[in-house]
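Shown here: coords22.txt, compact mmCIF, N, CA and C atoms.
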```txt
# COMPACT_ATOMS: atom_id res chain seq x y z
N MET A 1 0.85 -1.18 0.00
CA MET A 1 0.00 0.00 0.00
C MET A 1 0.89 1.23 0.00
N SER A 2 0.46 2.23 -0.67
CA SER A 2 1.24 3.43 -0.87
C SER A 2 1.28 4.31 0.38
N GLN A 3 2.46 4.40 0.99
CA GLN A 3 2.62 5.28 2.16
C GLN A 3 2.35 6.74 1.80
N PRO A 4 2.79 7.23 0.61
CA PRO A 4 2.47 8.61 0.26
C PRO A 4 0.97 8.86 0.14
N ALA A 5 0.22 7.89 -0.39
CA ALA A 5 -1.23 8.05 -0.51
C ALA A 5 -1.89 8.09 0.87
N ILE A 6 -1.42 7.25 1.78
CA ILE A 6 -1.96 7.25 3.14
C ILE A 6 -1.64 8.58 3.82
N ALA A 7 -0.40 9.05 3.67
CA ALA A 7 0.01 10.32 4.26
C ALA A 7 -0.80 11.48 3.68
N ALA A 8 -1.04 11.46 2.38
CA ALA A 8 -1.83 12.53 1.73
C ALA A 8 -3.26 12.53 2.25
N PHE A 9 -3.83 11.35 2.43
CA PHE A 9 -5.20 11.27 2.93
C PHE A 9 -5.29 11.77 4.36
N GLN A 10 -4.35 11.37 5.21
CA GLN A 10 -4.35 11.84 6.60
C GLN A 10 -4.15 13.35 6.67
N HIS A 11 -3.30 13.87 5.79
CA HIS A 11 -3.11 15.32 5.75
C HIS A 11 -4.41 16.02 5.35
N TRP A 12 -5.08 15.50 4.35
CA TRP A 12 -6.36 16.06 3.90
C TRP A 12 -7.39 16.02 5.02
N LEU A 13 -7.42 14.90 5.76
CA LEU A 13 -8.35 14.76 6.88
C LEU A 13 -8.02 15.71 8.02
N GLY A 14 -6.73 15.99 8.18
CA GLY A 14 -6.29 16.80 9.30
C GLY A 14 -6.15 15.99 10.58
N GLN A 15 -6.08 14.67 10.44
CA GLN A 15 -5.88 13.79 11.59
C GLN A 15 -5.45 12.42 11.11
N ALA A 16 -4.96 11.64 12.05
CA ALA A 16 -4.51 10.29 11.74
C ALA A 16 -5.70 9.35 11.63
N LEU A 17 -5.52 8.32 10.84
CA LEU A 17 -6.52 7.26 10.75
C LEU A 17 -6.47 6.41 12.01
N PRO A 18 -7.58 5.77 12.38
CA PRO A 18 -7.52 4.86 13.54
C PRO A 18 -6.47 3.78 13.29
N PRO A 19 -5.69 3.45 14.31
CA PRO A 19 -4.61 2.47 14.13
C PRO A 19 -5.06 1.13 13.53
N TYR A 20 -6.22 0.63 13.94
CA TYR A 20 -6.68 -0.66 13.41
C TYR A 20 -6.98 -0.56 11.91
N TYR A 21 -7.50 0.58 11.46
CA TYR A 21 -7.80 0.74 10.04
C TYR A 21 -6.51 1.01 9.24
N LEU A 22 -5.61 1.77 9.82
CA LEU A 22 -4.32 2.04 9.18
C LEU A 22 -3.57 0.72 8.95
N ALA A 23 -3.57 -0.16 9.94
CA ALA A 23 -2.91 -1.46 9.79
C ALA A 23 -3.58 -2.27 8.68
N PHE A 24 -4.90 -2.21 8.60
CA PHE A 24 -5.64 -2.91 7.55
C PHE A 24 -5.24 -2.36 6.17
N LEU A 25 -5.21 -1.05 6.03
CA LEU A 25 -4.87 -0.41 4.75
C LEU A 25 -3.48 -0.79 4.28
N GLN A 26 -2.55 -0.86 5.19
CA GLN A 26 -1.17 -1.15 4.82
C GLN A 26 -0.99 -2.58 4.34
N GLY A 27 -1.96 -3.43 4.58
CA GLY A 27 -1.82 -4.81 4.20
C GLY A 27 -2.60 -5.23 2.97
N ARG A 28 -3.22 -4.26 2.26
CA ARG A 28 -4.04 -4.68 1.12
C ARG A 28 -4.20 -3.58 0.08
N GLU A 29 -4.65 -4.00 -1.07
CA GLU A 29 -4.98 -3.10 -2.17
C GLU A 29 -6.50 -2.96 -2.22
N GLU A 30 -6.98 -2.03 -3.03
CA GLU A 30 -8.41 -1.90 -3.23
C GLU A 30 -8.98 -3.19 -3.81
N GLY A 31 -10.14 -3.57 -3.34
CA GLY A 31 -10.76 -4.78 -3.87
C GLY A 31 -12.05 -5.11 -3.16
N TYR A 32 -12.67 -6.17 -3.62
CA TYR A 32 -13.96 -6.58 -3.09
C TYR A 32 -13.80 -7.45 -1.85
N CYS A 33 -14.73 -7.27 -0.95
CA CYS A 33 -14.88 -8.10 0.24
C CYS A 33 -16.27 -8.71 0.13
N GLY A 34 -16.34 -10.01 0.10
CA GLY A 34 -17.63 -10.63 -0.14
C GLY A 34 -18.04 -10.41 -1.58
N GLU A 35 -19.34 -10.44 -1.82
CA GLU A 35 -19.84 -10.35 -3.18
C GLU A 35 -20.15 -8.94 -3.65
N GLN A 36 -20.32 -7.97 -2.72
CA GLN A 36 -20.76 -6.68 -3.20
C GLN A 36 -20.05 -5.46 -2.61
N VAL A 37 -19.22 -5.62 -1.62
CA VAL A 37 -18.58 -4.46 -0.99
C VAL A 37 -17.21 -4.21 -1.60
N LEU A 38 -17.04 -3.02 -2.15
CA LEU A 38 -15.73 -2.58 -2.63
C LEU A 38 -15.09 -1.78 -1.51
N LEU A 39 -13.95 -2.26 -1.02
CA LEU A 39 -13.18 -1.53 -0.01
C LEU A 39 -12.10 -0.75 -0.72
N TYR A 40 -12.10 0.55 -0.51
CA TYR A 40 -11.16 1.44 -1.19
C TYR A 40 -9.73 1.20 -0.71
N GLY A 41 -8.80 1.35 -1.62
CA GLY A 41 -7.40 1.36 -1.28
C GLY A 41 -6.98 2.77 -0.93
N ALA A 42 -5.78 2.92 -0.44
CA ALA A 42 -5.29 4.25 -0.03
C ALA A 42 -5.32 5.25 -1.18
N GLY A 43 -5.08 4.78 -2.40
CA GLY A 43 -5.08 5.67 -3.54
C GLY A 43 -6.44 6.25 -3.89
N SER A 44 -7.51 5.62 -3.43
CA SER A 44 -8.87 6.08 -3.73
C SER A 44 -9.53 6.83 -2.58
N LEU A 45 -9.02 6.68 -1.38
CA LEU A 45 -9.69 7.25 -0.21
C LEU A 45 -9.90 8.76 -0.31
N LEU A 46 -8.87 9.48 -0.68
CA LEU A 46 -9.01 10.93 -0.74
C LEU A 46 -10.03 11.34 -1.79
N GLU A 47 -9.93 10.78 -2.98
CA GLU A 47 -10.86 11.13 -4.06
C GLU A 47 -12.30 10.78 -3.69
N ARG A 48 -12.52 9.61 -3.15
CA ARG A 48 -13.89 9.17 -2.81
C ARG A 48 -14.47 10.02 -1.67
N ASN A 49 -13.69 10.28 -0.65
CA ASN A 49 -14.20 11.08 0.46
C ASN A 49 -14.41 12.53 0.07
N ALA A 50 -13.58 13.07 -0.81
CA ALA A 50 -13.80 14.43 -1.31
C ALA A 50 -15.06 14.48 -2.17
N THR A 51 -15.22 13.50 -3.05
CA THR A 51 -16.39 13.46 -3.93
C THR A 51 -17.68 13.34 -3.13
N TYR A 52 -17.70 12.47 -2.13
CA TYR A 52 -18.91 12.26 -1.32
C TYR A 52 -19.06 13.30 -0.22
N GLU A 53 -18.08 14.20 -0.10
CA GLU A 53 -18.12 15.29 0.88
C GLU A 53 -18.36 14.78 2.30
N THR A 54 -17.60 13.76 2.67
CA THR A 54 -17.78 13.18 4.00
C THR A 54 -17.40 14.15 5.12
N GLN A 55 -16.41 14.99 4.90
CA GLN A 55 -16.01 15.91 5.98
C GLN A 55 -17.12 16.87 6.36
N PRO A 56 -17.77 17.56 5.41
CA PRO A 56 -18.83 18.47 5.84
C PRO A 56 -20.11 17.76 6.29
N TYR A 57 -20.44 16.63 5.67
CA TYR A 57 -21.71 15.98 5.97
C TYR A 57 -21.62 14.93 7.07
N CYS A 58 -20.47 14.31 7.23
CA CYS A 58 -20.28 13.26 8.24
C CYS A 58 -18.98 13.51 9.00
N PRO A 59 -18.87 14.65 9.66
CA PRO A 59 -17.62 14.92 10.37
C PRO A 59 -17.32 13.82 11.39
N GLY A 60 -16.03 13.45 11.44
CA GLY A 60 -15.61 12.41 12.37
C GLY A 60 -15.71 11.01 11.80
N PHE A 61 -16.10 10.90 10.52
CA PHE A 61 -16.23 9.61 9.85
C PHE A 61 -15.56 9.66 8.49
N ILE A 62 -15.22 8.48 7.97
CA ILE A 62 -14.70 8.38 6.60
C ILE A 62 -15.43 7.26 5.88
N ALA A 63 -15.55 7.43 4.57
CA ALA A 63 -16.06 6.36 3.72
C ALA A 63 -14.88 5.47 3.36
N ILE A 64 -15.02 4.18 3.64
CA ILE A 64 -13.93 3.24 3.35
C ILE A 64 -14.29 2.31 2.20
N GLY A 65 -15.51 2.42 1.70
CA GLY A 65 -15.96 1.57 0.62
C GLY A 65 -17.40 1.86 0.27
N ASP A 66 -17.95 1.01 -0.61
CA ASP A 66 -19.37 1.13 -0.95
C ASP A 66 -19.93 -0.24 -1.27
N ASP A 67 -21.26 -0.31 -1.27
CA ASP A 67 -21.92 -1.61 -1.48
C ASP A 67 -22.35 -1.82 -2.93
N GLY A 68 -21.98 -0.93 -3.83
CA GLY A 68 -22.36 -1.06 -5.23
C GLY A 68 -23.83 -0.77 -5.47
N GLY A 69 -24.55 -0.40 -4.44
CA GLY A 69 -25.98 -0.12 -4.57
C GLY A 69 -26.35 1.25 -4.05
N GLY A 70 -25.37 2.14 -3.96
CA GLY A 70 -25.66 3.51 -3.55
C GLY A 70 -25.41 3.83 -2.10
N ARG A 71 -24.81 2.89 -1.35
CA ARG A 71 -24.51 3.16 0.05
C ARG A 71 -23.01 3.15 0.30
N ALA A 72 -22.58 4.10 1.12
CA ALA A 72 -21.18 4.17 1.54
C ALA A 72 -20.99 3.34 2.79
N VAL A 73 -19.80 2.76 2.93
CA VAL A 73 -19.40 2.05 4.14
C VAL A 73 -18.56 3.04 4.94
N MET A 74 -18.95 3.28 6.18
CA MET A 74 -18.35 4.34 6.99
C MET A 74 -17.72 3.79 8.28
N LEU A 75 -16.63 4.46 8.68
CA LEU A 75 -15.97 4.17 9.96
C LEU A 75 -15.78 5.49 10.71
N ALA A 76 -15.84 5.40 12.04
CA ALA A 76 -15.53 6.55 12.88
C ALA A 76 -14.03 6.77 12.92
N LEU A 77 -13.62 8.02 13.03
CA LEU A 77 -12.20 8.35 13.10
C LEU A 77 -11.67 8.39 14.52
N ASP A 78 -12.51 8.68 15.50
CA ASP A 78 -12.05 8.88 16.87
C ASP A 78 -12.71 7.90 17.83
N GLY A 79 -12.10 7.78 18.98
CA GLY A 79 -12.69 7.03 20.07
C GLY A 79 -12.64 5.53 19.88
N PRO A 80 -13.33 4.83 20.74
CA PRO A 80 -13.29 3.37 20.73
C PRO A 80 -14.23 2.72 19.72
N ASP A 81 -15.03 3.51 19.00
CA ASP A 81 -16.02 2.99 18.06
C ASP A 81 -15.33 2.31 16.89
N ARG A 82 -15.48 0.99 16.78
CA ARG A 82 -14.93 0.23 15.66
C ARG A 82 -16.04 -0.34 14.80
N ALA A 83 -17.24 0.22 14.97
CA ALA A 83 -18.40 -0.25 14.23
C ALA A 83 -18.31 0.15 12.76
N VAL A 84 -19.02 -0.59 11.94
CA VAL A 84 -19.13 -0.33 10.51
C VAL A 84 -20.56 0.14 10.26
N TYR A 85 -20.68 1.25 9.54
CA TYR A 85 -21.99 1.83 9.25
C TYR A 85 -22.19 1.91 7.74
N LEU A 86 -23.45 1.94 7.35
CA LEU A 86 -23.83 2.18 5.97
C LEU A 86 -24.68 3.44 5.93
N VAL A 87 -24.51 4.21 4.85
CA VAL A 87 -25.34 5.40 4.67
C VAL A 87 -25.50 5.63 3.17
N ASP A 88 -26.69 6.03 2.79
CA ASP A 88 -26.98 6.30 1.39
C ASP A 88 -26.15 7.49 0.90
N HIS A 89 -25.57 7.35 -0.28
CA HIS A 89 -24.77 8.46 -0.83
C HIS A 89 -25.59 9.73 -1.02
N GLY A 90 -26.89 9.59 -1.18
CA GLY A 90 -27.74 10.76 -1.36
C GLY A 90 -28.15 11.42 -0.07
N SER A 91 -27.81 10.83 1.06
CA SER A 91 -28.18 11.38 2.36
C SER A 91 -27.06 11.12 3.36
N MET A 92 -25.93 11.73 3.10
CA MET A 92 -24.74 11.49 3.92
C MET A 92 -24.83 12.27 5.23
N GLN A 93 -25.74 11.85 6.09
CA GLN A 93 -25.93 12.47 7.39
C GLN A 93 -25.78 11.41 8.48
N ARG A 94 -25.18 11.75 9.58
CA ARG A 94 -24.98 10.80 10.69
C ARG A 94 -26.30 10.21 11.16
N ASP A 95 -27.36 10.99 11.14
CA ASP A 95 -28.66 10.49 11.59
C ASP A 95 -29.20 9.38 10.71
N ASP A 96 -28.69 9.26 9.49
CA ASP A 96 -29.17 8.25 8.55
C ASP A 96 -28.30 7.00 8.52
N PHE A 97 -27.28 6.92 9.36
CA PHE A 97 -26.41 5.75 9.39
C PHE A 97 -27.20 4.51 9.84
N GLU A 98 -26.87 3.38 9.22
CA GLU A 98 -27.39 2.08 9.64
C GLU A 98 -26.19 1.25 10.11
N LEU A 99 -26.34 0.59 11.23
CA LEU A 99 -25.26 -0.25 11.75
C LEU A 99 -25.15 -1.52 10.90
N ALA A 100 -23.97 -1.76 10.35
CA ALA A 100 -23.72 -3.00 9.60
C ALA A 100 -23.08 -4.03 10.51
N ALA A 101 -22.21 -3.58 11.42
CA ALA A 101 -21.53 -4.49 12.34
C ALA A 101 -20.95 -3.69 13.50
N GLU A 102 -20.86 -4.34 14.65
CA GLU A 102 -20.31 -3.70 15.84
C GLU A 102 -18.79 -3.58 15.79
N ASP A 103 -18.15 -4.45 15.00
CA ASP A 103 -16.69 -4.48 14.99
C ASP A 103 -16.17 -4.66 13.56
N PHE A 104 -15.27 -3.80 13.15
CA PHE A 104 -14.69 -3.83 11.81
C PHE A 104 -14.06 -5.18 11.47
N HIS A 105 -13.24 -5.72 12.36
CA HIS A 105 -12.54 -6.97 12.07
C HIS A 105 -13.51 -8.15 11.99
N ALA A 106 -14.53 -8.17 12.84
CA ALA A 106 -15.54 -9.23 12.76
C ALA A 106 -16.32 -9.12 11.46
N TRP A 107 -16.60 -7.90 11.04
CA TRP A 107 -17.30 -7.66 9.77
C TRP A 107 -16.47 -8.18 8.60
N LEU A 108 -15.17 -7.90 8.61
CA LEU A 108 -14.29 -8.41 7.56
C LEU A 108 -14.27 -9.95 7.55
N ALA A 109 -14.17 -10.52 8.73
CA ALA A 109 -14.11 -12.00 8.84
C ALA A 109 -15.39 -12.65 8.35
N ALA A 110 -16.51 -11.93 8.41
CA ALA A 110 -17.80 -12.45 7.95
C ALA A 110 -18.04 -12.14 6.47
N ALA A 111 -17.02 -11.65 5.76
CA ALA A 111 -17.09 -11.32 4.32
C ALA A 111 -17.95 -10.08 4.05
N CYS A 112 -17.91 -9.12 4.98
CA CYS A 112 -18.49 -7.79 4.79
C CYS A 112 -19.96 -7.77 4.43
N PRO A 113 -20.81 -8.41 5.25
CA PRO A 113 -22.25 -8.39 4.95
C PRO A 113 -22.84 -6.99 5.09
N VAL A 114 -23.77 -6.66 4.19
CA VAL A 114 -24.42 -5.35 4.22
C VAL A 114 -25.95 -5.46 4.24
N ASP A 115 -26.47 -6.68 4.29
CA ASP A 115 -27.93 -6.84 4.30
C ASP A 115 -28.42 -7.21 5.67
```

Any chance you could give the structure as structure tokens?
Amino acid sequence: MSQPAIAAFQHWLGQALPPYYLAFLQGREEGYCGEQVLLYGAGSLLERNATYETQPYCPGFIAIGDDGGGRAVMLALDGPDRAVYLVDHGSMQRDDFELAAEDFHAWLAAACPVD
């Protein structure tokens, strides 16, 4: 994984990525998890989060992927929250988040279910 891309994304965010997600990013490229979730690689994170305007609409969260059906996969940037959330790209508001899983690593191990 591209260290410059990760550094550029963290600079754009104005903060560091959660350590558990940073470790995940460093070990993989962009690709599918399960049958429908595309998990972004470091090279896509900045472009996707800028395009979806996650900073103004979902402060404190980042889009790490999508379900191919119009929903973003979101993670919290701060605190102990390691939950995975889904939110419609047309309504990127925290109040509209749906819980996909309580724990990021458990969600990955289950092949990233979104239904």

Item to check | Coordinates-based distance that separates atom C of Tyr40 (chain A) from atom C of Glu98 (chain A) (Å, one decimal) | outcome: 19.7 Å

Next on the checklist: Could you pull out the helix (DSSP H, G or I) residues of chain A, going by DSSP on the backbone, and write them as a VMD selection string?
Outcome noted: chain A and resid 3 to 13 19 to 26 42 to 51 54 to 57 94 to 96 104 to 109

Item to check | Residues near Pro59 (chain A), cut-off 8 Å, all atoms listed in the file, skip fewer than 3 positions along chain, as a count of residues only | outcome: 10

Next on the checklist: I'd like the neighbourhood of region 3-8 of chain A as a list in words, where a residue qualifies if any of its atoms comes within 8 Å (using all atoms listed in the file), though same-chain residues fewer than 4 positions away should be ignored.
Outcome noted: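 Using all atoms listed in the file, the neighbours found are Trp12, Leu13, Gly14, Gln26, Gly41, Ala42, Gly43, Ser44, Leu45 and Leu46 of chain A.
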
Item to check | Atom-to-atom span, CA of Ala101 (chain A) and CA of Ala83 (chain A), Å | outcome: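 Taking CA of Ala101 (chain A) and CA of Ala83 (chain A), their separation equals 5.6 Å.
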
Next on the checklist: Report, in Å to a single decimal, how far apart atom N of Gln10 (chain A) and atom N of Val84 (chain A) are.
Outcome noted: 20.1 Å

Next on the checklist: For a quick check of your reading of the model, name the residues lying within 9 Å of the coordinate (-21.3, 4.1, 1.1), counting only C-alpha atoms, and write them as a ChimeraX atom specification.
Outcome noted: /A:52,63-74,85-89,92

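DSSP on the backbone gives strand (DSSP E or B) for these parts of chain A: A:Gly31, A:Tyr32, A:Cys33, A:Val37, A:Leu38, A:Leu39, A:Phe61, A:Ile62, A:Ala63, A:Ile64, A:Gly65, A:Asp66, A:Arg71, A:Ala72, A:Val73, A:Met74, A:Leu75, A:Ala76, A:Val84, A:Tyr85, A:Leu86, A:Val87, A:Asp88, A:Glu98, A:Leu99, A:Ala100, A:Ala101.
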
Now that the selection is made, can you save its residues with N, CA and C atoms as an mmCIF file, in the frame of the given file?
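result_27.cif, freshly written:
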```cif
data_model
loop_
_atom_site.group_PDB
_atom_site.id
_atom_site.type_symbol
_atom_site.label_atom_id
_atom_site.label_comp_id
_atom_site.auth_asym_id
_atom_site.auth_seq_id
_atom_site.Cartn_x
_atom_site.Cartn_y
_atom_site.Cartn_z
ATOM 1 N N GLY A 31 -10.140 -3.570 -3.340
ATOM 2 C CA GLY A 31 -10.760 -4.780 -3.870
ATOM 3 C C GLY A 31 -12.050 -5.110 -3.160
ATOM 4 N N TYR A 32 -12.670 -6.170 -3.620
ATOM 5 C CA TYR A 32 -13.960 -6.580 -3.090
ATOM 6 C C TYR A 32 -13.800 -7.450 -1.850
ATOM 7 N N CYS A 33 -14.730 -7.270 -0.950
ATOM 8 C CA CYS A 33 -14.880 -8.100 0.240
ATOM 9 C C CYS A 33 -16.270 -8.710 0.130
ATOM 10 N N VAL A 37 -19.220 -5.620 -1.620
ATOM 11 C CA VAL A 37 -18.580 -4.460 -0.990
ATOM 12 C C VAL A 37 -17.210 -4.210 -1.600
ATOM 13 N N LEU A 38 -17.040 -3.020 -2.150
ATOM 14 C CA LEU A 38 -15.730 -2.580 -2.630
ATOM 15 C C LEU A 38 -15.090 -1.780 -1.510
ATOM 16 N N LEU A 39 -13.950 -2.260 -1.020
ATOM 17 C CA LEU A 39 -13.180 -1.530 -0.010
ATOM 18 C C LEU A 39 -12.100 -0.750 -0.720
ATOM 19 N N PHE A 61 -16.100 10.900 10.520
ATOM 20 C CA PHE A 61 -16.230 9.610 9.850
ATOM 21 C C PHE A 61 -15.560 9.660 8.490
ATOM 22 N N ILE A 62 -15.220 8.480 7.970
ATOM 23 C CA ILE A 62 -14.700 8.380 6.600
ATOM 24 C C ILE A 62 -15.430 7.260 5.880
ATOM 25 N N ALA A 63 -15.550 7.430 4.570
ATOM 26 C CA ALA A 63 -16.060 6.360 3.720
ATOM 27 C C ALA A 63 -14.880 5.470 3.360
ATOM 28 N N ILE A 64 -15.020 4.180 3.640
ATOM 29 C CA ILE A 64 -13.930 3.240 3.350
ATOM 30 C C ILE A 64 -14.290 2.310 2.200
ATOM 31 N N GLY A 65 -15.510 2.420 1.700
ATOM 32 C CA GLY A 65 -15.960 1.570 0.620
ATOM 33 C C GLY A 65 -17.400 1.860 0.270
ATOM 34 N N ASP A 66 -17.950 1.010 -0.610
ATOM 35 C CA ASP A 66 -19.370 1.130 -0.950
ATOM 36 C C ASP A 66 -19.930 -0.240 -1.270
ATOM 37 N N ARG A 71 -24.810 2.890 -1.350
ATOM 38 C CA ARG A 71 -24.510 3.160 0.050
ATOM 39 C C ARG A 71 -23.010 3.150 0.300
ATOM 40 N N ALA A 72 -22.580 4.100 1.120
ATOM 41 C CA ALA A 72 -21.180 4.170 1.540
ATOM 42 C C ALA A 72 -20.990 3.340 2.790
ATOM 43 N N VAL A 73 -19.800 2.760 2.930
ATOM 44 C CA VAL A 73 -19.400 2.050 4.140
ATOM 45 C C VAL A 73 -18.560 3.040 4.940
ATOM 46 N N MET A 74 -18.950 3.280 6.180
ATOM 47 C CA MET A 74 -18.350 4.340 6.990
ATOM 48 C C MET A 74 -17.720 3.790 8.280
ATOM 49 N N LEU A 75 -16.630 4.460 8.680
ATOM 50 C CA LEU A 75 -15.970 4.170 9.960
ATOM 51 C C LEU A 75 -15.780 5.490 10.710
ATOM 52 N N ALA A 76 -15.840 5.400 12.040
ATOM 53 C CA ALA A 76 -15.530 6.550 12.880
ATOM 54 C C ALA A 76 -14.030 6.770 12.920
ATOM 55 N N VAL A 84 -19.020 -0.590 11.940
ATOM 56 C CA VAL A 84 -19.130 -0.330 10.510
ATOM 57 C C VAL A 84 -20.560 0.140 10.260
ATOM 58 N N TYR A 85 -20.680 1.250 9.540
ATOM 59 C CA TYR A 85 -21.990 1.830 9.250
ATOM 60 C C TYR A 85 -22.190 1.910 7.740
ATOM 61 N N LEU A 86 -23.450 1.940 7.350
ATOM 62 C CA LEU A 86 -23.830 2.180 5.970
ATOM 63 C C LEU A 86 -24.680 3.440 5.930
ATOM 64 N N VAL A 87 -24.510 4.210 4.850
ATOM 65 C CA VAL A 87 -25.340 5.400 4.670
ATOM 66 C C VAL A 87 -25.500 5.630 3.170
ATOM 67 N N ASP A 88 -26.690 6.030 2.790
ATOM 68 C CA ASP A 88 -26.980 6.300 1.390
ATOM 69 C C ASP A 88 -26.150 7.490 0.900
ATOM 70 N N GLU A 98 -26.870 3.380 9.220
ATOM 71 C CA GLU A 98 -27.390 2.080 9.640
ATOM 72 C C GLU A 98 -26.190 1.250 10.110
ATOM 73 N N LEU A 99 -26.340 0.590 11.230
ATOM 74 C CA LEU A 99 -25.260 -0.250 11.750
ATOM 75 C C LEU A 99 -25.150 -1.520 10.900
ATOM 76 N N ALA A 100 -23.970 -1.760 10.350
ATOM 77 C CA ALA A 100 -23.720 -3.000 9.600
ATOM 78 C C ALA A 100 -23.080 -4.030 10.510
ATOM 79 N N ALA A 101 -22.210 -3.580 11.420
ATOM 80 C CA ALA A 101 -21.530 -4.490 12.340
ATOM 81 C C ALA A 101 -20.950 -3.690 13.500
#
```

Item to check | Local residues around (-17.9, -7.7, 4.7), at most 8 Å away, using only N, CA and C atoms, as an MDAnalysis selection string | outcome: chainID A and resid 32:37 106:114

Got a minute to add all heavy atoms to region 8-14 of chain A and dump it as a PDB file, in the frame of the given file?
```
ATOM      1  N   ALA A   8      -1.040  11.460   2.380  1.00  0.00           N
ATOM      2  CA  ALA A   8      -1.830  12.530   1.730  1.00  0.00           C
ATOM      3  C   ALA A   8      -3.260  12.530   2.250  1.00  0.00           C
ATOM      4  O   ALA A   8      -3.843  13.588   2.508  1.00  0.00           O
ATOM      5  CB  ALA A   8      -1.805  12.355   0.221  1.00  0.00           C
ATOM      6  N   PHE A   9      -3.830  11.350   2.430  1.00  0.00           N
ATOM      7  CA  PHE A   9      -5.200  11.270   2.930  1.00  0.00           C
ATOM      8  C   PHE A   9      -5.290  11.770   4.360  1.00  0.00           C
ATOM      9  O   PHE A   9      -6.182  12.542   4.710  1.00  0.00           O
ATOM     10  CB  PHE A   9      -5.725   9.834   2.818  1.00  0.00           C
ATOM     11  CG  PHE A   9      -7.153   9.699   3.249  1.00  0.00           C
ATOM     12  CD1 PHE A   9      -8.150  10.428   2.626  1.00  0.00           C
ATOM     13  CD2 PHE A   9      -7.500   8.845   4.281  1.00  0.00           C
ATOM     14  CE1 PHE A   9      -9.488  10.307   3.026  1.00  0.00           C
ATOM     15  CE2 PHE A   9      -8.823   8.709   4.681  1.00  0.00           C
ATOM     16  CZ  PHE A   9      -9.813   9.446   4.054  1.00  0.00           C
ATOM     17  N   GLN A  10      -4.350  11.370   5.210  1.00  0.00           N
ATOM     18  CA  GLN A  10      -4.350  11.840   6.600  1.00  0.00           C
ATOM     19  C   GLN A  10      -4.150  13.350   6.670  1.00  0.00           C
ATOM     20  O   GLN A  10      -4.773  14.019   7.497  1.00  0.00           O
ATOM     21  CB  GLN A  10      -3.298  11.088   7.419  1.00  0.00           C
ATOM     22  CG  GLN A  10      -3.668   9.634   7.627  1.00  0.00           C
ATOM     23  CD  GLN A  10      -2.676   8.878   8.468  1.00  0.00           C
ATOM     24  OE1 GLN A  10      -3.041   8.387   9.521  1.00  0.00           O
ATOM     25  NE2 GLN A  10      -1.432   8.768   8.022  1.00  0.00           N
ATOM     26  N   HIS A  11      -3.300  13.870   5.790  1.00  0.00           N
ATOM     27  CA  HIS A  11      -3.110  15.320   5.750  1.00  0.00           C
ATOM     28  C   HIS A  11      -4.410  16.020   5.350  1.00  0.00           C
ATOM     29  O   HIS A  11      -4.794  17.022   5.954  1.00  0.00           O
ATOM     30  CB  HIS A  11      -1.981  15.670   4.770  1.00  0.00           C
ATOM     31  CG  HIS A  11      -1.756  17.129   4.622  1.00  0.00           C
ATOM     32  ND1 HIS A  11      -1.147  17.891   5.597  1.00  0.00           N
ATOM     33  CD2 HIS A  11      -2.067  17.983   3.617  1.00  0.00           C
ATOM     34  CE1 HIS A  11      -1.096  19.145   5.205  1.00  0.00           C
ATOM     35  NE2 HIS A  11      -1.656  19.230   4.001  1.00  0.00           N
ATOM     36  N   TRP A  12      -5.080  15.500   4.350  1.00  0.00           N
ATOM     37  CA  TRP A  12      -6.360  16.060   3.900  1.00  0.00           C
ATOM     38  C   TRP A  12      -7.390  16.020   5.020  1.00  0.00           C
ATOM     39  O   TRP A  12      -8.142  16.965   5.216  1.00  0.00           O
ATOM     40  CB  TRP A  12      -6.837  15.293   2.673  1.00  0.00           C
ATOM     41  CG  TRP A  12      -8.147  15.748   2.124  1.00  0.00           C
ATOM     42  CD1 TRP A  12      -8.379  16.822   1.314  1.00  0.00           C
ATOM     43  CD2 TRP A  12      -9.423  15.139   2.353  1.00  0.00           C
ATOM     44  NE1 TRP A  12      -9.708  16.919   1.019  1.00  0.00           N
ATOM     45  CE2 TRP A  12     -10.377  15.891   1.643  1.00  0.00           C
ATOM     46  CE3 TRP A  12      -9.842  14.023   3.071  1.00  0.00           C
ATOM     47  CZ2 TRP A  12     -11.735  15.572   1.646  1.00  0.00           C
ATOM     48  CZ3 TRP A  12     -11.188  13.703   3.071  1.00  0.00           C
ATOM     49  CH2 TRP A  12     -12.125  14.482   2.362  1.00  0.00           C
ATOM     50  N   LEU A  13      -7.420  14.900   5.760  1.00  0.00           N
ATOM     51  CA  LEU A  13      -8.350  14.760   6.880  1.00  0.00           C
ATOM     52  C   LEU A  13      -8.020  15.710   8.020  1.00  0.00           C
ATOM     53  O   LEU A  13      -8.891  16.119   8.765  1.00  0.00           O
ATOM     54  CB  LEU A  13      -8.287  13.342   7.457  1.00  0.00           C
ATOM     55  CG  LEU A  13      -9.039  12.244   6.779  1.00  0.00           C
ATOM     56  CD1 LEU A  13      -8.718  10.908   7.441  1.00  0.00           C
ATOM     57  CD2 LEU A  13     -10.526  12.494   6.786  1.00  0.00           C
ATOM     58  N   GLY A  14      -6.730  15.990   8.180  1.00  0.00           N
ATOM     59  CA  GLY A  14      -6.290  16.800   9.300  1.00  0.00           C
ATOM     60  C   GLY A  14      -6.150  15.990  10.580  1.00  0.00           C
ATOM     61  O   GLY A  14      -6.079  16.542  11.672  1.00  0.00           O
TER      62      GLY A  14
END
```
